[in-house]
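Participant: Structure: model.cif, mmCIF, C-alpha atoms and all ligand atoms.
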data_target
loop_
_atom_site.label_atom_id
_atom_site.label_comp_id
_atom_site.auth_asym_id
_atom_site.auth_seq_id
_atom_site.Cartn_x
_atom_site.Cartn_y
_atom_site.Cartn_z
CA MET A 1 -22.62 193.28 144.91
CA THR A 2 -22.37 192.52 141.18
CA PRO A 3 -18.90 191.40 140.18
CA HIS A 4 -16.78 193.60 137.92
CA PHE A 5 -14.50 192.29 135.17
CA ASP A 6 -12.00 193.83 132.74
CA LEU A 7 -13.58 191.87 129.91
CA LEU A 8 -16.79 189.86 129.53
CA ILE A 9 -17.47 187.48 126.67
CA ARG A 10 -21.24 187.08 126.52
CA ASN A 11 -23.53 184.71 124.60
CA GLY A 12 -20.88 182.48 123.02
CA LEU A 13 -20.88 178.70 122.77
CA CYS A 14 -17.72 177.69 124.63
CA VAL A 15 -15.52 174.67 124.01
CA LEU A 16 -14.77 173.76 127.63
CA PRO A 17 -12.46 170.82 128.44
CA TRP A 18 -15.55 168.72 129.21
CA GLY A 19 -17.58 169.72 126.17
CA LEU A 20 -19.63 172.42 124.50
CA GLU A 21 -21.52 174.79 126.83
CA ALA A 22 -23.25 178.14 126.48
CA ALA A 23 -21.44 180.21 129.12
CA ASP A 24 -20.39 183.79 129.73
CA ILE A 25 -16.72 184.23 130.63
CA GLY A 26 -15.26 186.95 132.87
CA VAL A 27 -11.63 188.08 132.60
CA ARG A 28 -9.62 189.94 135.23
CA ALA A 29 -5.93 190.91 135.08
CA GLY A 30 -5.32 188.82 131.99
CA ARG A 31 -6.71 185.60 133.38
CA ILE A 32 -10.02 183.77 133.28
CA ALA A 33 -11.75 184.85 136.49
CA ALA A 34 -15.11 183.12 136.02
CA ILE A 35 -16.86 180.73 133.66
CA GLY A 36 -20.62 181.09 134.00
CA VAL A 37 -21.23 184.73 134.87
CA GLY A 38 -24.65 186.18 135.77
CA ASP A 39 -25.21 189.85 136.55
CA ALA A 40 -21.89 191.64 136.19
CA SER A 41 -20.26 194.82 134.95
CA ALA A 42 -17.16 195.06 132.79
CA ALA A 43 -14.85 197.63 131.23
CA GLU A 44 -15.35 195.89 127.89
CA THR A 45 -17.97 193.41 126.74
CA ILE A 46 -17.83 191.28 123.60
CA ASP A 47 -21.10 189.91 122.26
CA ALA A 48 -20.19 186.46 120.94
CA ALA A 49 -23.72 185.54 119.87
CA GLY A 50 -23.47 183.14 116.93
CA LEU A 51 -19.77 182.48 117.63
CA HIS A 52 -17.87 179.64 119.24
CA VAL A 53 -15.44 180.59 122.00
CA LEU A 54 -12.34 178.38 121.89
CA PRO A 55 -9.29 178.42 124.15
CA GLY A 56 -6.57 180.46 122.42
CA LEU A 57 -5.28 178.28 119.59
CA ILE A 58 -1.58 177.46 119.48
CA ASP A 59 0.57 176.92 116.38
CA PRO A 60 3.50 174.93 117.80
CA HIS A 61 5.52 174.97 114.55
CA VAL A 62 6.45 178.20 112.77
CA HIS A 63 9.67 179.47 111.16
CA LEU A 64 9.64 183.28 111.57
CA ARG A 65 13.10 183.91 109.98
CA ASP A 66 14.11 186.29 112.78
CA PRO A 67 17.01 187.00 112.88
CA GLY A 68 17.57 186.64 109.17
CA ASN A 69 15.51 188.14 106.43
CA PRO A 70 12.74 190.57 107.48
CA ALA A 71 11.80 191.04 103.82
CA VAL A 72 10.50 187.46 104.00
CA GLU A 73 9.26 187.31 107.64
CA SER A 74 10.07 188.58 111.12
CA ILE A 75 8.66 187.98 114.59
CA ALA A 76 6.59 191.17 114.17
CA THR A 77 5.14 190.25 110.77
CA GLY A 78 4.75 186.53 111.49
CA THR A 79 2.89 187.06 114.77
CA ARG A 80 0.67 189.66 113.05
CA ALA A 81 -0.20 186.96 110.53
CA ALA A 82 -0.79 184.57 113.44
CA VAL A 83 -3.34 186.77 115.24
CA LEU A 84 -5.11 187.49 111.94
CA GLY A 85 -5.43 183.71 111.66
CA GLY A 86 -6.84 183.23 115.16
CA ILE A 87 -3.59 182.03 116.78
CA THR A 88 -2.73 183.27 120.30
CA THR A 89 0.64 181.53 120.79
CA VAL A 90 3.31 180.36 118.34
CA PHE A 91 6.42 178.22 118.93
CA ASP A 92 9.22 179.49 116.70
CA MET A 93 11.87 177.26 115.10
CA PRO A 94 15.64 177.84 115.48
CA ASN A 95 16.83 177.48 111.84
CA THR A 96 17.24 181.23 111.48
CA THR A 97 20.27 183.14 110.15
CA PRO A 98 22.24 182.68 112.35
CA PRO A 99 20.54 179.67 113.98
CA LEU A 100 19.51 179.83 117.66
CA THR A 101 21.95 177.43 119.31
CA ASP A 102 23.54 179.19 122.30
CA ALA A 103 22.88 181.32 125.37
CA ALA A 104 23.74 184.61 123.66
CA GLY A 105 21.41 183.89 120.75
CA LEU A 106 18.67 182.89 123.16
CA ALA A 107 19.06 186.08 125.24
CA ALA A 108 18.84 188.22 122.12
CA LYS A 109 15.79 186.37 120.83
CA GLN A 110 14.04 186.49 124.22
CA ALA A 111 14.38 190.29 124.33
CA HIS A 112 13.48 190.79 120.67
CA ALA A 113 10.44 188.48 120.85
CA ALA A 114 9.10 190.15 123.99
CA ALA A 115 9.43 193.55 122.29
CA THR A 116 7.94 192.77 118.88
CA ALA A 117 5.50 189.82 119.07
CA HIS A 118 1.75 190.39 118.67
CA CYS A 119 0.95 187.06 120.35
CA ASP A 120 2.67 184.94 122.98
CA ILE A 121 5.66 182.97 121.80
CA GLY A 122 7.74 179.93 122.68
CA LEU A 123 11.26 179.40 121.33
CA TYR A 124 12.96 176.22 120.12
CA VAL A 125 16.73 175.91 120.62
CA GLY A 126 18.56 174.01 117.88
CA ALA A 127 20.87 171.09 118.65
CA THR A 128 24.24 170.94 116.89
CA LYS A 129 27.14 168.51 117.33
CA GLN A 130 29.00 171.33 119.10
CA ASN A 131 26.40 172.51 121.67
CA ILE A 132 25.28 169.16 123.15
CA ALA A 133 26.76 169.82 126.60
CA GLU A 134 24.86 173.12 126.88
CA LEU A 135 21.44 171.80 125.84
CA ALA A 136 20.47 170.71 129.38
CA ALA A 137 20.75 174.33 130.55
CA LEU A 138 19.40 175.91 127.37
CA GLU A 139 16.15 173.90 127.48
CA LEU A 140 15.36 175.50 130.86
CA GLY A 141 15.69 179.07 129.55
CA ASP A 142 12.74 181.48 129.71
CA GLY A 143 10.30 180.83 126.89
CA VAL A 144 12.06 177.71 125.60
CA CYS A 145 9.42 175.20 124.45
CA ALA A 146 11.86 172.42 123.46
CA ILE A 147 15.18 171.46 121.91
CA LYS A 148 14.79 170.88 118.15
CA VAL A 149 16.87 168.25 116.38
CA PHE A 150 17.10 168.19 112.59
CA ALA A 151 18.08 164.51 112.13
CA GLY A 152 17.58 165.02 108.38
CA SER A 153 18.69 168.16 106.58
CA SER A 154 16.18 170.78 105.49
CA THR A 155 16.27 174.59 105.23
CA GLY A 156 19.38 175.97 107.01
CA THR A 157 22.46 174.32 108.44
CA LEU A 158 21.20 172.56 111.58
CA LEU A 159 21.86 168.80 111.47
CA VAL A 160 22.56 165.99 113.95
CA GLU A 161 22.15 162.87 111.83
CA ASP A 162 24.08 160.04 113.49
CA ASP A 163 22.89 157.74 116.30
CA GLU A 164 25.87 158.46 118.52
CA ASN A 165 25.28 162.21 118.57
CA ILE A 166 21.48 161.93 118.72
CA GLU A 167 21.93 159.73 121.80
CA ARG A 168 24.28 162.31 123.34
CA VAL A 169 21.63 164.99 122.74
CA MET A 170 19.03 162.79 124.46
CA ARG A 171 21.31 162.37 127.47
CA SER A 172 21.75 166.15 127.89
CA GLY A 173 18.60 167.37 129.68
CA ARG A 174 15.25 165.76 130.40
CA ARG A 175 12.39 167.58 128.64
CA ARG A 176 10.65 166.23 125.51
CA ILE A 177 12.75 166.81 122.36
CA ALA A 178 11.17 167.76 119.00
CA TYR A 179 12.56 166.00 115.89
CA HIS A 180 12.63 166.47 112.16
CA ALA A 181 13.06 162.73 111.69
CA GLU A 182 13.77 162.09 107.98
CA ASP A 183 16.81 159.76 107.67
CA GLU A 184 19.78 161.78 106.39
CA TYR A 185 21.71 158.79 105.03
CA ARG A 186 18.83 157.65 102.83
CA LEU A 187 18.27 161.24 101.67
CA GLN A 188 21.90 161.46 100.56
CA ALA A 189 21.92 158.01 98.95
CA ARG A 190 18.79 158.71 96.89
CA ARG A 191 19.62 162.26 95.83
CA SER A 192 21.63 161.09 92.79
CA LEU A 193 18.63 159.10 91.49
CA PHE A 194 16.92 162.35 90.53
CA LYS A 195 18.01 164.97 88.03
CA ALA A 196 18.01 168.72 88.14
CA ASP A 197 14.94 169.92 86.21
CA ASP A 198 12.89 166.80 87.07
CA PRO A 199 9.26 167.64 87.78
CA TYR A 200 8.42 169.04 91.22
CA ALA A 201 6.73 165.74 92.13
CA SER A 202 10.22 164.19 92.25
CA HIS A 203 10.47 165.81 95.67
CA MET A 204 8.17 163.16 97.20
CA LEU A 205 9.95 160.34 95.36
CA TRP A 206 13.35 161.42 96.66
CA ARG A 207 12.15 162.03 100.23
CA ASP A 208 10.10 158.81 100.11
CA PRO A 209 7.96 157.22 102.86
CA GLU A 210 10.82 154.85 103.76
CA THR A 211 13.05 157.88 104.49
CA ALA A 212 10.48 159.12 107.00
CA LEU A 213 9.79 155.73 108.60
CA LEU A 214 13.48 154.86 108.91
CA GLY A 215 14.23 158.16 110.65
CA THR A 216 11.30 157.83 113.04
CA ARG A 217 12.24 154.25 113.93
CA ARG A 218 15.85 155.20 114.66
CA ILE A 219 14.79 158.03 116.95
CA LEU A 220 12.25 155.92 118.83
CA ALA A 221 14.83 153.16 119.40
CA LEU A 222 17.17 155.73 120.95
CA ALA A 223 14.33 157.32 122.93
CA HIS A 224 13.53 153.92 124.48
CA LYS A 225 17.23 153.28 125.17
CA THR A 226 17.70 156.61 126.96
CA GLY A 227 14.19 157.06 128.39
CA ARG A 228 14.02 160.54 126.86
CA PRO A 229 10.53 161.48 125.54
CA ALA A 230 10.34 162.33 121.84
CA HIS A 231 7.95 164.48 119.80
CA ILE A 232 8.07 163.59 116.10
CA LEU A 233 7.20 166.65 114.07
CA HIS A 234 5.17 166.58 110.87
CA VAL A 235 4.52 162.84 110.62
CA SER A 236 3.49 162.33 106.99
CA THR A 237 3.21 158.62 106.17
CA ALA A 238 0.74 155.80 106.81
CA GLU A 239 3.66 153.60 107.90
CA GLU A 240 4.91 155.99 110.61
CA LEU A 241 1.36 156.49 111.94
CA ASP A 242 1.00 152.74 112.24
CA TYR A 243 4.44 152.36 113.83
CA VAL A 244 4.10 155.03 116.54
CA LYS A 245 0.90 153.46 117.91
CA ASP A 246 3.06 150.84 119.67
CA HIS A 247 5.37 153.47 121.20
CA LYS A 248 3.04 156.02 122.75
CA ASP A 249 4.72 155.51 126.13
CA ILE A 250 7.68 157.52 124.82
CA VAL A 251 6.46 159.38 121.75
CA THR A 252 3.99 162.11 120.88
CA ILE A 253 3.44 163.23 117.29
CA GLU A 254 2.52 166.25 115.25
CA MET A 255 0.74 166.37 111.90
CA LEU A 256 0.48 169.39 109.60
CA ALA A 257 -2.66 170.84 108.04
CA ASN A 258 -0.93 170.61 104.64
CA HIS A 259 -0.50 166.83 104.87
CA LEU A 260 -4.24 166.53 105.57
CA THR A 261 -5.34 168.94 102.84
CA GLN A 262 -3.07 168.83 99.77
CA VAL A 263 -2.88 165.58 97.78
CA ALA A 264 -0.07 164.44 95.44
CA PRO A 265 0.48 164.26 92.53
CA GLU A 266 -2.27 166.83 91.80
CA CYS A 267 -0.78 169.43 94.16
CA TYR A 268 2.61 169.38 92.37
CA GLU A 269 0.98 169.79 88.96
CA ARG A 270 -1.15 172.70 90.17
CA LEU A 271 1.28 174.46 92.51
CA GLY A 272 4.78 173.59 91.24
CA GLY A 273 7.35 174.86 93.73
CA TYR A 274 4.54 176.15 95.97
CA ALA A 275 3.86 172.49 96.86
CA VAL A 276 7.47 171.73 97.86
CA MET A 277 8.08 171.19 101.57
CA ASN A 278 9.88 168.75 103.89
CA PRO A 279 8.62 166.16 104.58
CA PRO A 280 6.85 166.25 101.22
CA LEU A 281 3.17 166.35 100.39
CA ARG A 282 2.13 162.76 99.61
CA ASP A 283 -0.56 160.75 97.87
CA LYS A 284 -4.11 159.89 98.89
CA ARG A 285 -3.18 156.74 100.82
CA HIS A 286 -1.13 158.79 103.29
CA VAL A 287 -3.68 161.61 103.51
CA GLU A 288 -6.41 159.10 104.37
CA ALA A 289 -4.20 157.41 106.98
CA GLY A 290 -3.61 160.89 108.43
CA TRP A 291 -7.33 161.48 108.88
CA ARG A 292 -7.77 158.09 110.57
CA ALA A 293 -4.92 158.99 112.96
CA ILE A 294 -6.53 162.35 113.70
CA ASN A 295 -9.79 160.64 114.59
CA ASP A 296 -8.40 157.70 116.60
CA GLY A 297 -6.25 159.89 118.84
CA THR A 298 -2.82 158.86 117.51
CA VAL A 299 -1.98 162.47 116.69
CA ASP A 300 -1.18 164.78 119.63
CA THR A 301 -0.68 168.20 118.03
CA LEU A 302 -1.36 169.98 114.78
CA GLY A 303 0.87 172.68 113.29
CA SER A 304 1.28 174.81 110.19
CA ASP A 305 5.07 174.48 109.71
CA HIS A 306 4.76 178.09 108.49
CA ALA A 307 7.98 178.42 106.44
CA PRO A 308 7.99 181.52 104.23
CA HIS A 309 10.40 181.89 101.31
CA PRO A 310 10.61 184.60 98.64
CA ARG A 311 8.56 183.94 95.52
CA ALA A 312 11.72 183.88 93.38
CA ALA A 313 13.11 181.03 95.50
CA LYS A 314 9.86 179.03 95.24
CA GLU A 315 9.69 179.49 91.46
CA ARG A 316 13.13 178.06 90.72
CA PRO A 317 12.98 174.61 89.06
CA TRP A 318 13.14 171.54 91.29
CA PRO A 319 15.36 170.81 93.21
CA SER A 320 16.70 174.39 93.42
CA CYS A 321 13.39 175.74 94.74
CA SER A 322 13.30 176.33 98.51
CA SER A 323 11.31 173.91 100.68
CA GLY A 324 8.58 175.27 102.92
CA LEU A 325 5.09 176.78 102.77
CA THR A 326 3.40 179.63 104.60
CA GLY A 327 0.54 178.59 106.90
CA VAL A 328 0.25 180.34 110.27
CA GLN A 329 -2.54 182.61 108.98
CA THR A 330 -4.46 179.84 107.19
CA LEU A 331 -4.16 176.98 109.72
CA VAL A 332 -7.40 177.78 111.56
CA PRO A 333 -9.55 178.63 108.50
CA VAL A 334 -8.39 175.50 106.65
CA MET A 335 -9.05 173.28 109.68
CA LEU A 336 -12.46 174.88 110.40
CA ASP A 337 -13.37 174.05 106.81
CA HIS A 338 -12.46 170.42 107.55
CA VAL A 339 -14.70 170.61 110.66
CA ASN A 340 -17.56 171.87 108.49
CA ALA A 341 -16.94 169.07 105.98
CA GLY A 342 -17.36 166.55 108.83
CA ARG A 343 -13.73 165.34 108.81
CA LEU A 344 -13.16 166.03 112.52
CA ALA A 345 -15.11 167.39 115.47
CA LEU A 346 -14.59 170.96 116.64
CA THR A 347 -13.72 169.57 120.09
CA ARG A 348 -10.98 167.40 118.52
CA LEU A 349 -9.59 170.41 116.68
CA VAL A 350 -9.36 172.26 119.99
CA ASP A 351 -7.67 169.22 121.53
CA LEU A 352 -5.06 169.28 118.73
CA LEU A 353 -4.47 173.06 118.73
CA ALA A 354 -4.77 173.91 122.45
CA ALA A 355 -4.80 171.08 125.00
CA GLY A 356 -2.43 168.97 122.87
CA PRO A 357 0.47 171.44 122.62
CA ALA A 358 0.02 172.35 126.31
CA ARG A 359 0.33 168.67 127.33
CA VAL A 360 3.18 167.79 124.97
CA TYR A 361 5.40 170.82 125.68
CA GLY A 362 4.47 171.42 129.35
CA LEU A 363 3.02 174.84 128.53
CA VAL A 364 1.92 176.63 131.70
CA ASN A 365 -1.56 178.20 132.13
CA LYS A 366 -2.67 177.89 128.52
CA GLY A 367 -4.54 175.40 126.35
CA ARG A 368 -7.88 175.17 128.14
CA LEU A 369 -10.82 177.35 129.11
CA ALA A 370 -10.62 177.09 132.89
CA THR A 371 -10.65 179.57 135.75
CA GLY A 372 -7.14 180.74 136.60
CA TYR A 373 -5.78 180.08 133.10
CA ASP A 374 -4.53 182.84 130.79
CA ALA A 375 -7.42 184.68 129.13
CA ASP A 376 -6.45 183.53 125.63
CA PHE A 377 -9.42 183.02 123.30
CA THR A 378 -10.05 182.34 119.65
CA LEU A 379 -13.60 183.32 118.69
CA VAL A 380 -14.71 181.64 115.48
CA ASP A 381 -17.62 182.03 113.10
CA LEU A 382 -18.24 178.49 111.87
CA LYS A 383 -20.62 179.71 109.16
CA ARG A 384 -18.61 182.50 107.50
CA ARG A 385 -17.61 181.67 103.93
CA THR A 386 -14.43 183.37 102.77
CA ARG A 387 -11.90 182.85 100.00
CA ILE A 388 -8.26 182.45 101.05
CA GLU A 389 -6.23 184.69 98.74
CA ASN A 390 -2.62 185.78 98.39
CA ALA A 391 -3.80 189.38 98.88
CA ARG A 392 -4.90 188.55 102.47
CA ILE A 393 -1.50 187.15 103.47
CA ALA A 394 0.21 189.43 105.98
CA SER A 395 3.63 187.77 105.70
CA PRO A 396 5.84 189.99 103.49
CA CYS A 397 6.50 187.11 101.07
CA GLY A 398 2.81 187.46 100.18
CA TRP A 399 1.70 183.99 99.05
CA THR A 400 -0.16 180.95 100.35
CA PRO A 401 -0.42 177.44 98.87
CA PHE A 402 -4.18 177.72 99.57
CA ASP A 403 -4.67 180.75 97.28
CA GLY A 404 -8.18 180.57 95.78
CA MET A 405 -9.59 178.05 98.29
CA MET A 406 -13.11 178.87 99.51
CA VAL A 407 -13.48 177.90 103.18
CA THR A 408 -16.40 177.75 105.59
CA GLY A 409 -15.34 178.85 109.08
CA TRP A 410 -13.16 181.84 109.97
CA PRO A 411 -11.66 183.40 113.11
CA ALA A 412 -13.73 186.39 114.30
CA ALA A 413 -11.50 187.60 117.14
CA THR A 414 -8.17 186.76 118.77
CA ILE A 415 -7.70 187.60 122.46
CA VAL A 416 -4.32 187.26 124.22
CA ARG A 417 -4.31 187.49 128.04
CA GLY A 418 -7.49 189.55 127.97
CA LEU A 419 -6.38 191.95 125.21
CA VAL A 420 -8.34 191.89 121.97
CA VAL A 421 -5.53 191.76 119.39
CA MET A 422 -7.66 190.94 116.31
CA ARG A 423 -11.29 191.61 115.50
CA GLU A 424 -12.99 191.30 112.09
CA ASP A 425 -9.70 190.81 110.20
CA GLU A 426 -8.06 193.84 111.80
CA VAL A 427 -5.00 193.75 114.07
CA LEU A 428 -5.58 195.92 117.15
CA GLY A 429 -3.07 197.55 119.49
CA GLU A 430 0.69 197.45 119.74
CA ALA A 431 2.78 194.29 119.92
CA GLY A 432 2.04 192.98 123.43
CA GLY A 433 3.18 189.38 123.16
CA ARG A 434 5.16 187.71 125.93
CA LEU A 435 7.33 184.63 126.27
CA ALA A 436 5.21 181.61 127.04
CA ARG A 437 6.08 179.63 130.21
CA PHE A 438 6.98 175.94 130.30
CA ARG A 439 7.48 173.38 133.03
O1 LIG A 501 9.70 172.50 104.26
C1 LIG A 501 10.36 172.85 105.24
N1 LIG A 501 10.71 174.13 105.42
N2 LIG A 501 10.73 171.92 106.13
C2 LIG A 501 11.62 172.19 107.11
O2 LIG A 501 12.00 171.29 107.81
C3 LIG A 501 12.15 173.56 107.28
C4 LIG A 501 11.29 174.57 106.64
C5 LIG A 501 11.98 175.90 106.46
O3 LIG A 501 12.52 176.41 107.44
O4 LIG A 501 11.96 176.43 105.35
ZN ZN A 502 9.36 173.09 110.22
#
Write out the structure in this file as structure tokens.

Facilitator:
Amino acid sequence: MTPHFDLLIRNGLCVLPWGLEAADIGVRAGRIAAIGVGDASAAETIDAAGLHVLPGLIDPHVHLRDPGNPAVESIATGTRAAVLGGITTVFDMPNTTPPLTDAAGLAAKQAHAAATAHCDIGLYVGATKQNIAELAALELGDGVCAIKVFAGSSTGTLLVEDDENIERVMRSGRRRIAYHAEDEYRLQARRSLFKADDPYASHMLWRDPETALLGTRRILALAHKTGRPAHILHVSTAEELDYVKDHKDIVTIEMLANHLTQVAPECYERLGGYAVMNPPLRDKRHVEAGWRAINDGTVDTLGSDHAPHPRAAKERPWPSCSSGLTGVQTLVPVMLDHVNAGRLALTRLVDLLAAGPARVYGLVNKGRLATGYDADFTLVDLKRRTRIENARIASPCGWTPFDGMMVTGWPAATIVRGLVVMREDEVLGEAGGRLARFR
């Protein structure tokens, strides 16, 4: 008897955990039922000839501003942007208005996310000096990917900057904690060195490489002391990349596509406030160190740090302009362009955007093409040439720092648990996202 599937993906070149293989994939009840299918029938068949079939790509770092300001972004609009960009799961940051720091906020967000997301979603819970005792329970909540600590201040009010309280956070719970590691004391001490109305490039001088290294070193010392694993978000300097190599027993790290793509000071001259983010975009020496760390395995995950702000807020003079750049919709196209330019292998990109986040966050049933796993797929056309433009951006704020960039490589379809949610730049179906599961 020929087997029957809900969905068959025929003729694609698949990035399996053990390498590239031409294989047909059968999906049943939202999960991968077979890899390597012969004669079979299916309710729906996708011809992936000429396309690469990747495990569903994960953006483990987005700020969807929900609750807060839906005119800028919401879970509905941000996850729409995600699936247009070939992303099947996002992990959403807690620096919303109000921030997500307690059980009531988590319950509300769990319900709202499950009702409005177009892709699957994980939720960070923010640490504060007041909620430390509750973190051990909160990190086990449905859909919670990790506790997030802002050890240096950024957008919003979340901040735990001192060693004593960071150590208390580490001793409440056991899962890997995600850190914004810039050193708050050095940020405060240096702020007065720069004037209002200085050029936008002052942002990277104020938040200098030493600020990042100092913060990362302090957190790793405490992680060793307590035995609590750390994930350092958006590592941006050559010095940190060198430093973490000797601490991989306790630390995993994230890099952002922006820090591998935009180069200072040119980016500040060209983009003004649309180049301002934390940690800042830096010069060529750091960008080159970033690429070496991508290719030697130092980096564990890659994210967009999608952080939308209204245009008016981005166009204010430095330092009054808001920090943060959109990116969830452009992460995959920008990185595929880097693959085409020979800067990293497609298999390494999949490691960084699928297997990596699954390993680091303990994500269940996602991150690899394997029988029994969720039927999440990102189909990509490595040859398609397309211009990234503000007009394509689905986020209501309507801008991207990559406006005008011509890229080679584009997502052709996004499939979440067997449902085709994007095909040929069109979002399909109602919001069917669910909370991701974590160990
Ligand atoms: O540039 C940034 N923007 N860095 C952060 O840490 C937060 C983010 C935001 O939420 O705007
Ligand atoms: Zn962020």

Participant: Can you tell me, as lines of an AutoDock Vina configuration file, the centre and edge lengths (Å, one decimal) of the axis-aligned box enclosing all of range 283-292 of chain A's listed atoms after padding each side by 8 Å?

Facilitator:
center_x = -4.2
center_y = 159.2
center_z = 104.2
size_x = 23.2
size_y = 20.9
size_z = 28.7

Participant: Ranking A:Val149, A:Arg217, A:Ala275, A:Thr261 by minimum distance to Pro199 in chain A and counting all atoms listed in the file, which one comes first?

Facilitator: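 When distances to Pro199 in chain A are compared using all atoms listed in the file, the smallest one comes from A:Ala275.
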
Participant: Which residues sit within 7 Å of ligand LIG 501 (chain A), counting all atoms listed in the file, listed as a PyMOL selection string?

Facilitator: chain A and resi 63+95+154-156+180+276-279+305+307-309+322-325

Participant: In the coordinate frame of the file, compute which residues have an atom within 12 Å of (13.9, 193.5, 122.3) when using only C-alpha atoms, and state them as a ChimeraX atom specification.

Facilitator: /A:66-67,75-76,106-117,431-435

Participant: Mind pulling up the distance from CA of Asp283 in chain A to CA of Arg270 in chain A?

Facilitator: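 Taking CA of Arg270 in chain A and CA of Asp283 in chain A, their separation equals 14.2 Å.
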
Participant: Report, in Å with one decimal, the straight-line distance from CA of Met405 in chain A to CA of Gln262 in chain A.

Facilitator: 11.4 Å

Participant: Out of A:Pro411, A:Gly122, A:Gly356, A:Pro396, which residue has the shortest atom-to-atom distance to Ala71 in chain A when counting only C-alpha atoms?

Facilitator: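 Once distances to Ala71 in chain A are computed over only C-alpha atoms, the minimum belongs to A:Pro396.
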
Participant: Can you list, as a PDB file with C-alpha atoms, in the coordinates of the input, every protein, DNA or RNA residue that comes within 12 Å of Lys284 in chain A when you count only C-alpha atoms, leaving out same-chain residues fewer than 3 positions away?

Facilitator:
ATOM      1  CA  SER A 236       3.490 162.330 106.990  1.00  0.00           C
ATOM      2  CA  THR A 237       3.210 158.620 106.170  1.00  0.00           C
ATOM      3  CA  ALA A 238       0.740 155.800 106.810  1.00  0.00           C
ATOM      4  CA  HIS A 259      -0.500 166.830 104.870  1.00  0.00           C
ATOM      5  CA  LEU A 260      -4.240 166.530 105.570  1.00  0.00           C
ATOM      6  CA  THR A 261      -5.340 168.940 102.840  1.00  0.00           C
ATOM      7  CA  GLN A 262      -3.070 168.830  99.770  1.00  0.00           C
ATOM      8  CA  VAL A 263      -2.880 165.580  97.780  1.00  0.00           C
ATOM      9  CA  ALA A 264      -0.070 164.440  95.440  1.00  0.00           C
ATOM     10  CA  PRO A 265       0.480 164.260  92.530  1.00  0.00           C
ATOM     11  CA  GLU A 266      -2.270 166.830  91.800  1.00  0.00           C
ATOM     12  CA  CYS A 267      -0.780 169.430  94.160  1.00  0.00           C
ATOM     13  CA  LEU A 281       3.170 166.350 100.390  1.00  0.00           C
ATOM     14  CA  VAL A 287      -3.680 161.610 103.510  1.00  0.00           C
ATOM     15  CA  GLU A 288      -6.410 159.100 104.370  1.00  0.00           C
ATOM     16  CA  ALA A 289      -4.200 157.410 106.980  1.00  0.00           C
ATOM     17  CA  GLY A 290      -3.610 160.890 108.430  1.00  0.00           C
ATOM     18  CA  TRP A 291      -7.330 161.480 108.880  1.00  0.00           C
TER      19      TRP A 291
END

Participant: Nearest to ligand ZN 502 (chain A) among A:Gly303, A:Pro17, A:Gly409, A:Gly372, with distances taken over only C-alpha atoms and all ligand atoms: which residue is it?

Facilitator: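 Ranked by minimum distance to ligand ZN 502 (chain A), first place goes to A:Gly303.
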
Participant: Name the closest residue to Val244 in chain A among the candidates A:Ile25, A:Leu256, A:Val380, A:Ala230; distances are taken between atoms, counting all atoms listed in the file.

Facilitator: A:Ala230

Participant: Kindly indicate which residue among A:Asn69, A:Asn131, A:Thr96, A:Thr226 lies nearest to ligand ZN 502 (chain A), using only C-alpha atoms and all ligand atoms for the distances.

Facilitator: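 Once distances to ligand ZN 502 (chain A) are computed over only C-alpha atoms and all ligand atoms, the minimum belongs to A:Thr96.
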
Participant: For Lys129 in chain A, list every protein, DNA or RNA residue within 9 Å, evaluated using only C-alpha atoms, and leave out those in the same chain fewer than 3 positions away; present the list as a PDB file with C-alpha atoms, keeping the file's coordinate frame.

Facilitator:
ATOM      1  CA  ILE A 132      25.280 169.160 123.150  1.00  0.00           C
ATOM      2  CA  LEU A 159      21.860 168.800 111.470  1.00  0.00           C
ATOM      3  CA  VAL A 160      22.560 165.990 113.950  1.00  0.00           C
ATOM      4  CA  ASN A 165      25.280 162.210 118.570  1.00  0.00           C
ATOM      5  CA  ILE A 166      21.480 161.930 118.720  1.00  0.00           C
ATOM      6  CA  VAL A 169      21.630 164.990 122.740  1.00  0.00           C
TER       7      VAL A 169
END

Participant: So which residues touch Leu382 in chain A within 8 Å, counting all atoms listed in the file, skipping near sequence neighbours fewer than 5 positions away, as a ChimeraX atom specification?

Facilitator: /A:51-52,336,340,408-410

Participant: Near Gly215 in chain A, within 7 Å and counting all atoms listed in the file, which residues show up once chain neighbours fewer than 4 positions away are dropped, as a ChimeraX atom specification?

Facilitator: /A:181-183,211,219

Participant: When distances are computed from all atoms listed in the file, which of A:Tyr200, A:Tyr373, A:Tyr124, A:Phe5 shows the smallest separation from ligand ZN 502 (chain A)?

Facilitator: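 Ranking A:Tyr200, A:Tyr373, A:Tyr124, A:Phe5 by distance to ligand ZN 502 (chain A), first place goes to A:Tyr124.
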
Participant: I'd like the interatomic distance between CA of Leu220 in chain A and CA of Trp206 in chain A, to a tenth of an Å.

Facilitator: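 We find that CA of Leu220 in chain A and CA of Trp206 in chain A lie 22.9 Å from each other.
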